[in-house]
Amino acid sequence: MKTLVIGTGGREHALAWALARDPGVTEVHAAPGNPGIAEVATLHDVDPMDAEAVAGLAERLGVDLVVVGPEAPLVAGVATGVRARDIACFGPSTEAAQLEGSKAFAKEVMEAAGVPTAAARVCTTPEEAAAALDAFGAPYVVKDDGLAAGKGVVVTDDRDAALAHAAACERVVVEEFLDGPEVSLFAITDGRTVYPLQPAQDFKRIFDGDAGPNTGGMGAYTPIPWAPADLVDEVTRTVLQPTVDEMERRGTPFRGLLYAGLALTGRGVRVVEFNARFGDPETQPLMALLESPLSELLYAAATGTLADVAPPRFREGAAVAVVMASRGYPESSSSGDLIKGAETLDREPDVHVFHAGTARRDDGQLVTAGGRVLAVVAVGADVADARAKAYEGVHSITFPGAQARTDIALRVARGQA
């Protein structure tokens, strides 16, 4: 099978890496990719937001499967454009991708499907936002209705800060605050059959102790040893399958990766948000543990034959990802800083370096080129073992202004979760 991965980040690197290791895959291509992806795939300089250009590239290469990684191309209709050329594509249509593209739409779908989630109000004026904040009380939760690269959510006790965020957005969803830990559960679906992956947990805030502003994600681990034994079954039954069924009922079947961000509250599981693609950085440790051939699962989802293949299997043990970010992130980022140690580390058997914001200088040196620069992912016998290997890797990579949290999976590793 020939495959084409669309995107430039760590999630796309992990997917391309998993496909390159898949015995059923003969070629891996990527557009536009990054220096890490270039180690496992042939890169093509194509705008990932241009549906016609992506579809044309897939046609010229004669690929069997296109995998669209990021949310913005999905919402822009890239998967729709590829399928219009009769090429199998893993990723939802423009309409189905609105589960991530519009939080208000996601709430509407959840209400129709009976999916448990936070009470919410959609607000388009400062007055509406103020009334909603007062109705729900602190902590205040304000979400930009559109795409915001994982940074459009403000959770604060400061009413003025919440109002300021609402005022900066065209439309927001104001929600009640959900107590309890958050968990990520991904599911591969062809629009009818739903295959959940194993749960993961990510860390959104920039600083240790979940302090500071939200980011796209500073680390993750899988599996979750403290999660209820029936969590995956319960979420599949009450969240994932009803949502997929509702999307089919509307005539906009969801084919691709449905990501459910969940809060395990005192009142039970509640959906925090849906995403329409693999999450970053949870994808990286999940791919490190996946034993099933990735191409088989993605192609079956893309062609409506998921029920004909076996559910995903994962190896024993655990995986931990620690993200290294550039100076100034998340408010800004630094580019052109020399990265040392990444290429040597990636030769370790249980450690993988997945690139996100990296580039090559004319002299071939690896440099920073964005906010989240790379993720060090390690596999171990358990979370503590994987975490120790991951941080050993982090300490061997250097670049000016590097940022990394020191507490990713720490409580779990200590048995305190």
# chains A, B, ... in the order shown; residues from 1 in each chain; ligands from 1
>>> residues_around(residues="A:Ala20", least_positions_apart="3", cutoff="10 Å", atoms="only C-alpha atoms", output="PyMOL selection string")
chain A and resi 3+14-17+23-29+39-41+294-295
>>> write_last_selection(atoms="N, CA and C atoms", output="mmCIF file, in the first residue's frame")
data_model
loop_
_atom_site.group_PDB
_atom_site.id
_atom_site.type_symbol
_atom_site.label_atom_id
_atom_site.label_comp_id
_atom_site.auth_asym_id
_atom_site.auth_seq_id
_atom_site.Cartn_x
_atom_site.Cartn_y
_atom_site.Cartn_z
ATOM 1 N N THR A 3 0.996 5.269 0.833
ATOM 2 C CA THR A 3 0.270 6.189 1.706
ATOM 3 C C THR A 3 0.830 7.602 1.592
ATOM 4 N N ALA A 14 4.547 10.928 13.926
ATOM 5 C CA ALA A 14 4.234 9.646 14.566
ATOM 6 C C ALA A 14 3.428 8.744 13.628
ATOM 7 N N LEU A 15 2.475 9.310 12.895
ATOM 8 C CA LEU A 15 1.673 8.514 11.968
ATOM 9 C C LEU A 15 2.533 7.998 10.816
ATOM 10 N N ALA A 16 3.383 8.866 10.261
ATOM 11 C CA ALA A 16 4.263 8.432 9.170
ATOM 12 C C ALA A 16 5.239 7.366 9.645
ATOM 13 N N TRP A 17 5.735 7.530 10.853
ATOM 14 C CA TRP A 17 6.663 6.558 11.455
ATOM 15 C C TRP A 17 5.976 5.195 11.616
ATOM 16 N N PRO A 23 4.253 -3.580 7.811
ATOM 17 C CA PRO A 23 4.671 -4.463 6.713
ATOM 18 C C PRO A 23 3.776 -4.379 5.485
ATOM 19 N N GLY A 24 2.567 -3.870 5.635
ATOM 20 C CA GLY A 24 1.671 -3.743 4.497
ATOM 21 C C GLY A 24 1.864 -2.482 3.686
ATOM 22 N N VAL A 25 2.775 -1.613 4.114
ATOM 23 C CA VAL A 25 3.002 -0.329 3.439
ATOM 24 C C VAL A 25 4.300 -0.395 2.640
ATOM 25 N N THR A 26 4.214 -0.075 1.359
ATOM 26 C CA THR A 26 5.400 -0.101 0.495
ATOM 27 C C THR A 26 6.052 1.266 0.340
ATOM 28 N N GLU A 27 5.243 2.333 0.421
ATOM 29 C CA GLU A 27 5.775 3.693 0.295
ATOM 30 C C GLU A 27 5.029 4.616 1.244
ATOM 31 N N VAL A 28 5.784 5.534 1.853
ATOM 32 C CA VAL A 28 5.184 6.583 2.678
ATOM 33 C C VAL A 28 5.617 7.926 2.100
ATOM 34 N N HIS A 29 4.638 8.762 1.792
ATOM 35 C CA HIS A 29 4.890 10.123 1.321
ATOM 36 C C HIS A 29 4.272 11.086 2.331
ATOM 37 N N GLU A 39 12.870 11.437 7.446
ATOM 38 C CA GLU A 39 13.642 10.223 7.719
ATOM 39 C C GLU A 39 12.854 8.948 7.411
ATOM 40 N N VAL A 40 11.518 9.069 7.340
ATOM 41 C CA VAL A 40 10.681 7.868 7.124
ATOM 42 C C VAL A 40 9.774 7.998 5.909
ATOM 43 N N ALA A 41 9.777 9.154 5.243
ATOM 44 C CA ALA A 41 8.861 9.383 4.125
ATOM 45 C C ALA A 41 9.510 10.290 3.084
ATOM 46 N N LEU A 294 -1.195 -0.157 11.246
ATOM 47 C CA LEU A 294 -1.957 1.091 11.206
ATOM 48 C C LEU A 294 -2.675 1.261 9.871
ATOM 49 N N SER A 295 -2.027 0.892 8.776
ATOM 50 C CA SER A 295 -2.629 1.094 7.462
ATOM 51 C C SER A 295 -3.938 0.326 7.318
#
>>> residues_around(residues="stretch 56-71 of chain A", least_positions_apart="3", cutoff="8 Å", atoms="only C-alpha atoms", output="short mmCIF file (atom, residue, chain, number, x, y, z; two decimals) with C-alpha atoms, in the first residue's frame")
data_model
loop_
_atom_site.label_atom_id
_atom_site.label_comp_id
_atom_site.auth_asym_id
_atom_site.auth_seq_id
_atom_site.Cartn_x
_atom_site.Cartn_y
_atom_site.Cartn_z
CA MET A 1 0.00 0.00 0.00
CA LYS A 2 1.19 3.53 -0.86
CA THR A 3 0.27 6.19 1.71
CA LEU A 4 0.36 9.99 1.87
CA VAL A 5 0.34 11.84 5.22
CA ILE A 6 -0.72 15.49 5.18
CA GLY A 7 0.73 17.82 7.83
CA ARG A 11 1.33 13.88 15.24
CA GLU A 12 2.05 13.52 11.51
CA VAL A 46 2.37 21.06 -1.28
CA GLU A 52 -7.02 20.47 -5.14
CA ALA A 53 -3.24 20.45 -4.73
CA LEU A 74 -10.06 18.88 7.50
CA VAL A 75 -12.34 21.82 8.25
CA VAL A 78 -9.13 18.58 2.08
CA ALA A 79 -10.51 15.11 2.86
CA VAL A 82 -9.36 13.82 -2.01
CA ARG A 85 -10.97 11.86 -6.91
CA ILE A 87 -8.97 8.05 -3.47
CA ALA A 88 -9.43 6.57 0.00
CA CYS A 89 -8.92 9.25 2.64
CA PHE A 90 -8.77 8.93 6.41
CA GLY A 91 -10.38 12.07 7.78
CA ALA A 97 -15.22 18.04 10.80
CA GLU A 100 -14.15 20.24 16.04
CA GLY A 101 -14.55 23.31 13.85
CA LEU A 147 -10.37 26.48 15.69
CA ASN A 275 -11.69 16.78 18.00
CA ALA A 276 -11.88 15.47 14.46
CA ARG A 277 -8.32 14.11 14.24
CA PHE A 278 -5.55 12.44 16.19
CA LEU A 298 -7.06 3.60 8.59
CA TYR A 299 -7.84 2.17 5.14
#
>>> residues_around(residues="A:Gly191", least_positions_apart="3", cutoff="8 Å", atoms="only C-alpha atoms", output="PDB file with N, CA and C atoms, in the first residue's frame")
ATOM      1  N   VAL A 194     -17.239   1.572  15.408  1.00  0.00           N
ATOM      2  CA  VAL A 194     -16.354   2.406  16.230  1.00  0.00           C
ATOM      3  C   VAL A 194     -15.352   1.509  16.950  1.00  0.00           C
ATOM      4  N   VAL A 244     -21.421   9.072  16.604  1.00  0.00           N
ATOM      5  CA  VAL A 244     -21.268   8.574  15.234  1.00  0.00           C
ATOM      6  C   VAL A 244     -22.633   8.275  14.621  1.00  0.00           C
ATOM      7  N   ASP A 245     -23.528   7.681  15.393  1.00  0.00           N
ATOM      8  CA  ASP A 245     -24.874   7.382  14.891  1.00  0.00           C
ATOM      9  C   ASP A 245     -25.636   8.666  14.556  1.00  0.00           C
ATOM     10  N   MET A 247     -24.347  11.560  13.665  1.00  0.00           N
ATOM     11  CA  MET A 247     -23.770  12.159  12.459  1.00  0.00           C
ATOM     12  C   MET A 247     -24.263  11.432  11.207  1.00  0.00           C
ATOM     13  N   GLU A 248     -24.405  10.115  11.285  1.00  0.00           N
ATOM     14  CA  GLU A 248     -24.946   9.369  10.143  1.00  0.00           C
ATOM     15  C   GLU A 248     -26.409   9.744   9.913  1.00  0.00           C
ATOM     16  N   PRO A 253     -21.944  11.427   7.633  1.00  0.00           N
ATOM     17  CA  PRO A 253     -21.228  10.413   8.420  1.00  0.00           C
ATOM     18  C   PRO A 253     -19.800  10.829   8.727  1.00  0.00           C
ATOM     19  N   PHE A 254     -19.353  10.488   9.931  1.00  0.00           N
ATOM     20  CA  PHE A 254     -18.008  10.840  10.382  1.00  0.00           C
ATOM     21  C   PHE A 254     -17.097   9.657  10.123  1.00  0.00           C
ATOM     22  N   ARG A 255     -16.145   9.819   9.206  1.00  0.00           N
ATOM     23  CA  ARG A 255     -15.159   8.779   8.908  1.00  0.00           C
ATOM     24  C   ARG A 255     -13.776   9.335   9.217  1.00  0.00           C
ATOM     25  N   GLY A 256     -13.148   8.743  10.199  1.00  0.00           N
ATOM     26  CA  GLY A 256     -11.830   9.226  10.571  1.00  0.00           C
ATOM     27  C   GLY A 256     -11.560   8.955  12.032  1.00  0.00           C
ATOM     28  N   ALA A 301     -11.316   2.216   7.767  1.00  0.00           N
ATOM     29  CA  ALA A 301     -12.176   3.330   8.174  1.00  0.00           C
ATOM     30  C   ALA A 301     -12.504   4.216   6.973  1.00  0.00           C
ATOM     31  N   GLY A 304     -15.133   2.319   4.641  1.00  0.00           N
ATOM     32  CA  GLY A 304     -16.384   1.804   5.191  1.00  0.00           C
ATOM     33  C   GLY A 304     -16.380   0.334   5.496  1.00  0.00           C
TER      34      GLY A 304
END
>>> residues_around(residues="A:Val232", least_positions_apart="4", cutoff="12 Å", atoms="only C-alpha atoms", output="ChimeraX atom specification")
/A:183-187,194-200,223-224,227-228,236-241,260,262,269
>>> atom_distance(atom1="atom CA of A:Asp190", atom2="atom CA of A:Thr80")
14.5 Å
>>> closest_residue(among="A:Asp362, A:Glu175, A:Gly279, A:Arg83", to="A:Lys107", atoms="only C-alpha atoms")
A:Glu175
>>> select_by_dssp(residues="stretch 171-317 of chain A", states="helix (DSSP H, G or I)", output="VMD selection string")
chain A and resid 208 to 210 231 to 249 283 to 289 294 to 303 306 to 308
>>> write_last_selection(atoms="N, CA and C atoms", output="compact mmCIF listing (two decimals), in the first residue's frame")
# COMPACT_ATOMS: atom_id res chain seq x y z
N ASP A 208 4.96 23.43 35.20
CA ASP A 208 4.72 22.36 36.16
C ASP A 208 3.52 22.69 37.04
N GLY A 209 2.87 21.64 37.53
CA GLY A 209 1.72 21.85 38.40
C GLY A 209 0.51 22.39 37.67
N ASP A 210 0.48 22.25 36.35
CA ASP A 210 -0.63 22.76 35.53
C ASP A 210 -0.83 24.25 35.74
N LEU A 231 -14.02 2.06 31.70
CA LEU A 231 -14.10 3.40 31.12
C LEU A 231 -14.28 3.34 29.60
N VAL A 232 -13.46 2.56 28.91
CA VAL A 232 -13.53 2.52 27.45
C VAL A 232 -14.89 2.01 26.99
N ASP A 233 -15.39 0.95 27.61
CA ASP A 233 -16.70 0.41 27.24
C ASP A 233 -17.80 1.43 27.48
N GLU A 234 -17.73 2.11 28.63
CA GLU A 234 -18.77 3.09 28.96
C GLU A 234 -18.76 4.26 27.98
N VAL A 235 -17.57 4.78 27.67
CA VAL A 235 -17.49 5.92 26.77
C VAL A 235 -17.89 5.53 25.35
N THR A 236 -17.52 4.34 24.93
CA THR A 236 -17.94 3.88 23.61
C THR A 236 -19.47 3.81 23.53
N ARG A 237 -20.08 3.31 24.60
CA ARG A 237 -21.53 3.11 24.62
C ARG A 237 -22.30 4.42 24.76
N THR A 238 -21.80 5.34 25.57
CA THR A 238 -22.57 6.55 25.90
C THR A 238 -22.13 7.79 25.13
N VAL A 239 -20.94 7.76 24.54
CA VAL A 239 -20.41 8.96 23.88
C VAL A 239 -20.08 8.71 22.41
N LEU A 240 -19.17 7.79 22.16
CA LEU A 240 -18.63 7.63 20.80
C LEU A 240 -19.67 7.09 19.83
N GLN A 241 -20.28 5.94 20.15
CA GLN A 241 -21.25 5.34 19.23
C GLN A 241 -22.47 6.25 19.03
N PRO A 242 -23.05 6.83 20.09
CA PRO A 242 -24.19 7.73 19.85
C PRO A 242 -23.84 8.93 18.97
N THR A 243 -22.62 9.47 19.13
CA THR A 243 -22.22 10.61 18.30
C THR A 243 -22.08 10.19 16.84
N VAL A 244 -21.42 9.07 16.60
CA VAL A 244 -21.27 8.57 15.23
C VAL A 244 -22.63 8.27 14.62
N ASP A 245 -23.53 7.68 15.39
CA ASP A 245 -24.87 7.38 14.89
C ASP A 245 -25.64 8.67 14.56
N GLU A 246 -25.49 9.69 15.39
CA GLU A 246 -26.18 10.95 15.13
C GLU A 246 -25.65 11.63 13.87
N MET A 247 -24.35 11.56 13.66
CA MET A 247 -23.77 12.16 12.46
C MET A 247 -24.26 11.43 11.21
N GLU A 248 -24.41 10.11 11.28
CA GLU A 248 -24.95 9.37 10.14
C GLU A 248 -26.41 9.74 9.91
N ARG A 249 -27.15 9.89 11.00
CA ARG A 249 -28.57 10.26 10.88
C ARG A 249 -28.74 11.60 10.17
N THR A 283 -1.00 11.17 20.42
CA THR A 283 -0.77 10.24 19.32
C THR A 283 0.61 9.59 19.40
N GLN A 284 1.62 10.36 19.81
CA GLN A 284 2.99 9.86 19.80
C GLN A 284 3.17 8.63 20.70
N PRO A 285 2.78 8.67 21.97
CA PRO A 285 2.92 7.45 22.78
C PRO A 285 1.98 6.33 22.34
N LEU A 286 0.80 6.67 21.82
CA LEU A 286 -0.11 5.63 21.34
C LEU A 286 0.51 4.87 20.16
N MET A 287 1.11 5.59 19.23
CA MET A 287 1.74 4.93 18.09
C MET A 287 2.94 4.10 18.52
N ALA A 288 3.63 4.53 19.58
CA ALA A 288 4.78 3.77 20.06
C ALA A 288 4.37 2.41 20.63
N LEU A 289 3.11 2.29 21.08
CA LEU A 289 2.63 1.04 21.67
C LEU A 289 1.74 0.22 20.73
N LEU A 294 -1.20 -0.16 11.25
CA LEU A 294 -1.96 1.09 11.21
C LEU A 294 -2.68 1.26 9.87
N SER A 295 -2.03 0.89 8.78
CA SER A 295 -2.63 1.09 7.46
C SER A 295 -3.94 0.33 7.32
N GLU A 296 -4.00 -0.86 7.88
CA GLU A 296 -5.21 -1.69 7.79
C GLU A 296 -6.39 -0.99 8.46
N LEU A 297 -6.16 -0.43 9.63
CA LEU A 297 -7.22 0.25 10.37
C LEU A 297 -7.67 1.52 9.65
N LEU A 298 -6.72 2.33 9.21
CA LEU A 298 -7.06 3.60 8.59
C LEU A 298 -7.74 3.39 7.23
N TYR A 299 -7.25 2.43 6.46
CA TYR A 299 -7.84 2.17 5.14
C TYR A 299 -9.27 1.62 5.30
N ALA A 300 -9.47 0.74 6.27
CA ALA A 300 -10.81 0.20 6.50
C ALA A 300 -11.79 1.29 6.93
N ALA A 301 -11.32 2.22 7.77
CA ALA A 301 -12.18 3.33 8.17
C ALA A 301 -12.50 4.22 6.97
N ALA A 302 -11.52 4.43 6.12
CA ALA A 302 -11.71 5.30 4.97
C ALA A 302 -12.64 4.70 3.93
N THR A 303 -12.73 3.38 3.88
CA THR A 303 -13.52 2.70 2.85
C THR A 303 -14.79 2.06 3.38
N LEU A 306 -14.59 -1.11 8.28
CA LEU A 306 -13.88 -1.28 9.56
C LEU A 306 -14.31 -2.55 10.28
N ALA A 307 -15.56 -2.94 10.16
CA ALA A 307 -16.05 -4.15 10.84
C ALA A 307 -15.37 -5.41 10.34
N ASP A 308 -14.72 -5.33 9.18
CA ASP A 308 -14.08 -6.51 8.59
C ASP A 308 -12.66 -6.73 9.09
>>> closest_residue(among="A:Thr156, A:Arg313, A:Pro73, A:Ile188", to="A:Ala211", atoms="only C-alpha atoms")
A:Thr156
>>> select_by_dssp(residues="stretch 168-213 of chain A", states="strand (DSSP E or B)", output="PyMOL selection string")
chain A and resi 172-175+182-189+194-196+200-202+205-207+211-213
>>> write_last_selection(atoms="N, CA and C atoms", output="JSON list (two decimals), in the first residue's frame")
[["chain", "number", "residue", "atom", "x", "y", "z"],
["A", 172, "VAL", "N", -18.45, 32.62, 21.28],
["A", 172, "VAL", "CA", -17.87, 31.74, 22.29],
["A", 172, "VAL", "C", -18.94, 30.82, 22.85],
["A", 173, "VAL", "N", -18.47, 29.72, 23.45],
["A", 173, "VAL", "CA", -19.31, 28.84, 24.23],
["A", 173, "VAL", "C", -18.87, 28.98, 25.68],
["A", 174, "VAL", "N", -19.78, 29.41, 26.53],
["A", 174, "VAL", "CA", -19.51, 29.51, 27.98],
["A", 174, "VAL", "C", -20.13, 28.30, 28.64],
["A", 175, "GLU", "N", -19.32, 27.59, 29.44],
["A", 175, "GLU", "CA", -19.77, 26.33, 30.02],
["A", 175, "GLU", "C", -19.66, 26.34, 31.53],
["A", 182, "GLU", "N", -9.01, 14.87, 33.63],
["A", 182, "GLU", "CA", -9.36, 14.75, 32.22],
["A", 182, "GLU", "C", -8.59, 13.61, 31.56],
["A", 183, "VAL", "N", -9.26, 12.96, 30.62],
["A", 183, "VAL", "CA", -8.71, 11.80, 29.91],
["A", 183, "VAL", "C", -9.03, 11.96, 28.43],
["A", 184, "SER", "N", -8.12, 11.50, 27.59],
["A", 184, "SER", "CA", -8.35, 11.50, 26.14],
["A", 184, "SER", "C", -8.64, 10.09, 25.67],
["A", 185, "LEU", "N", -9.69, 9.95, 24.87],
["A", 185, "LEU", "CA", -9.99, 8.65, 24.27],
["A", 185, "LEU", "C", -10.23, 8.86, 22.78],
["A", 186, "PHE", "N", -9.38, 8.23, 21.96],
["A", 186, "PHE", "CA", -9.51, 8.30, 20.51],
["A", 186, "PHE", "C", -10.30, 7.10, 20.02],
["A", 187, "ALA", "N", -11.03, 7.30, 18.91],
["A", 187, "ALA", "CA", -11.73, 6.18, 18.29],
["A", 187, "ALA", "C", -11.61, 6.29, 16.78],
["A", 188, "ILE", "N", -11.29, 5.18, 16.15],
["A", 188, "ILE", "CA", -11.28, 5.09, 14.69],
["A", 188, "ILE", "C", -12.67, 4.62, 14.27],
["A", 189, "THR", "N", -13.24, 5.32, 13.27],
["A", 189, "THR", "CA", -14.60, 4.97, 12.85],
["A", 189, "THR", "C", -14.75, 5.14, 11.35],
["A", 194, "VAL", "N", -17.24, 1.57, 15.41],
["A", 194, "VAL", "CA", -16.35, 2.41, 16.23],
["A", 194, "VAL", "C", -15.35, 1.51, 16.95],
["A", 195, "TYR", "N", -14.06, 1.78, 16.74],
["A", 195, "TYR", "CA", -13.00, 1.05, 17.44],
["A", 195, "TYR", "C", -12.23, 2.04, 18.33],
["A", 196, "PRO", "N", -12.44, 2.00, 19.64],
["A", 196, "PRO", "CA", -11.68, 2.89, 20.52],
["A", 196, "PRO", "C", -10.24, 2.43, 20.65],
["A", 200, "ALA", "N", -5.48, 7.86, 27.03],
["A", 200, "ALA", "CA", -4.24, 8.58, 27.30],
["A", 200, "ALA", "C", -4.59, 9.82, 28.11],
["A", 201, "GLN", "N", -3.58, 10.42, 28.70],
["A", 201, "GLN", "CA", -3.78, 11.69, 29.40],
["A", 201, "GLN", "C", -2.71, 12.66, 28.94],
["A", 202, "ASP", "N", -3.13, 13.90, 28.64],
["A", 202, "ASP", "CA", -2.15, 14.90, 28.23],
["A", 202, "ASP", "C", -2.11, 16.04, 29.24],
["A", 205, "ARG", "N", -1.13, 22.75, 30.19],
["A", 205, "ARG", "CA", -0.53, 24.01, 30.65],
["A", 205, "ARG", "C", 0.99, 24.00, 30.45],
["A", 206, "ILE", "N", 1.56, 25.19, 30.32],
["A", 206, "ILE", "CA", 2.96, 25.31, 29.97],
["A", 206, "ILE", "C", 3.89, 24.95, 31.13],
["A", 207, "PHE", "N", 3.48, 25.21, 32.36],
["A", 207, "PHE", "CA", 4.38, 25.04, 33.50],
["A", 207, "PHE", "C", 4.01, 23.86, 34.38],
["A", 211, "ALA", "N", 0.28, 24.98, 35.76],
["A", 211, "ALA", "CA", 0.23, 26.43, 35.89],
["A", 211, "ALA", "C", 0.50, 27.08, 34.53],
["A", 212, "GLY", "N", 0.08, 28.34, 34.41],
["A", 212, "GLY", "CA", 0.34, 29.09, 33.19],
["A", 212, "GLY", "C", -0.71, 28.86, 32.13],
["A", 213, "PRO", "N", -0.52, 29.48, 30.96],
["A", 213, "PRO", "CA", -1.52, 29.39, 29.90],
["A", 213, "PRO", "C", -1.58, 28.02, 29.24]]
>>> closest_residue(among="A:Val412, A:Ala129, A:Ile37, A:Ala167", to="A:Gly10", atoms="only C-alpha atoms")
A:Ile37
>>> atom_distance(atom1="atom CA of A:Asp157", atom2="atom CA of A:Trp226")
28.5 Å
>>> closest_atom_pairs(of="stretch 197-271 of chain A", to="stretch 372-384 of chain A", cutoff="9 Å", atoms="only C-alpha atoms", output="Markdown table")
| residue | atom | partner | partner_atom | distance |
| --- | --- | --- | --- | --- |
| A:Thr215 | CA | A:Arg372 | CA | 8.9 |
| A:Gly216 | CA | A:Arg372 | CA | 8.0 |
| A:Gly217 | CA | A:Arg372 | CA | 8.5 |
| A:Met218 | CA | A:Arg372 | CA | 8.1 |
| A:Gly219 | CA | A:Ala375 | CA | 7.7 |
| A:Tyr221 | CA | A:Val383 | CA | 7.4 |
| A:Thr222 | CA | A:Val383 | CA | 7.7 |
| A:Pro223 | CA | A:Val383 | CA | 8.1 |
| A:Ile224 | CA | A:Val383 | CA | 8.7 |
| A:Pro225 | CA | A:Val383 | CA | 8.6 |
>>> residues_around(residues="A:Arg270", least_positions_apart="5", cutoff="9 Å", atoms="only C-alpha atoms", output="MDAnalysis selection string")
chainID A and resid 115:118 178 239 261:265
>>> decode(residues="stretch 110-121 of chain A", atoms="N, CA and C atoms", output="short mmCIF file (atom, residue, chain, number, x, y, z; two decimals), in the first residue's frame")
data_model
loop_
_atom_site.label_atom_id
_atom_site.label_comp_id
_atom_site.auth_asym_id
_atom_site.auth_seq_id
_atom_site.Cartn_x
_atom_site.Cartn_y
_atom_site.Cartn_z
N MET A 110 -24.24 16.68 20.50
CA MET A 110 -24.27 15.94 21.76
C MET A 110 -25.65 15.96 22.39
N GLU A 111 -26.31 17.10 22.32
CA GLU A 111 -27.67 17.18 22.88
C GLU A 111 -28.61 16.25 22.14
N ALA A 112 -28.51 16.24 20.81
CA ALA A 112 -29.38 15.39 20.01
C ALA A 112 -29.10 13.90 20.25
N ALA A 113 -27.83 13.57 20.53
CA ALA A 113 -27.44 12.18 20.71
C ALA A 113 -27.54 11.72 22.16
N GLY A 114 -27.87 12.62 23.06
CA GLY A 114 -27.96 12.27 24.48
C GLY A 114 -26.61 12.01 25.12
N VAL A 115 -25.58 12.68 24.62
CA VAL A 115 -24.22 12.50 25.15
C VAL A 115 -24.02 13.40 26.37
N PRO A 116 -23.51 12.86 27.47
CA PRO A 116 -23.31 13.67 28.67
C PRO A 116 -22.18 14.69 28.49
N THR A 117 -22.47 15.95 28.74
CA THR A 117 -21.48 17.01 28.60
C THR A 117 -21.84 18.16 29.53
N ALA A 118 -20.99 19.18 29.57
CA ALA A 118 -21.25 20.33 30.43
C ALA A 118 -22.39 21.18 29.88
N ALA A 119 -23.20 21.73 30.79
CA ALA A 119 -24.20 22.70 30.37
C ALA A 119 -23.47 23.90 29.77
N ALA A 120 -24.07 24.52 28.75
CA ALA A 120 -23.36 25.57 28.03
C ALA A 120 -24.33 26.56 27.41
N ARG A 121 -23.81 27.76 27.11
CA ARG A 121 -24.55 28.77 26.36
C ARG A 121 -23.65 29.31 25.26
#
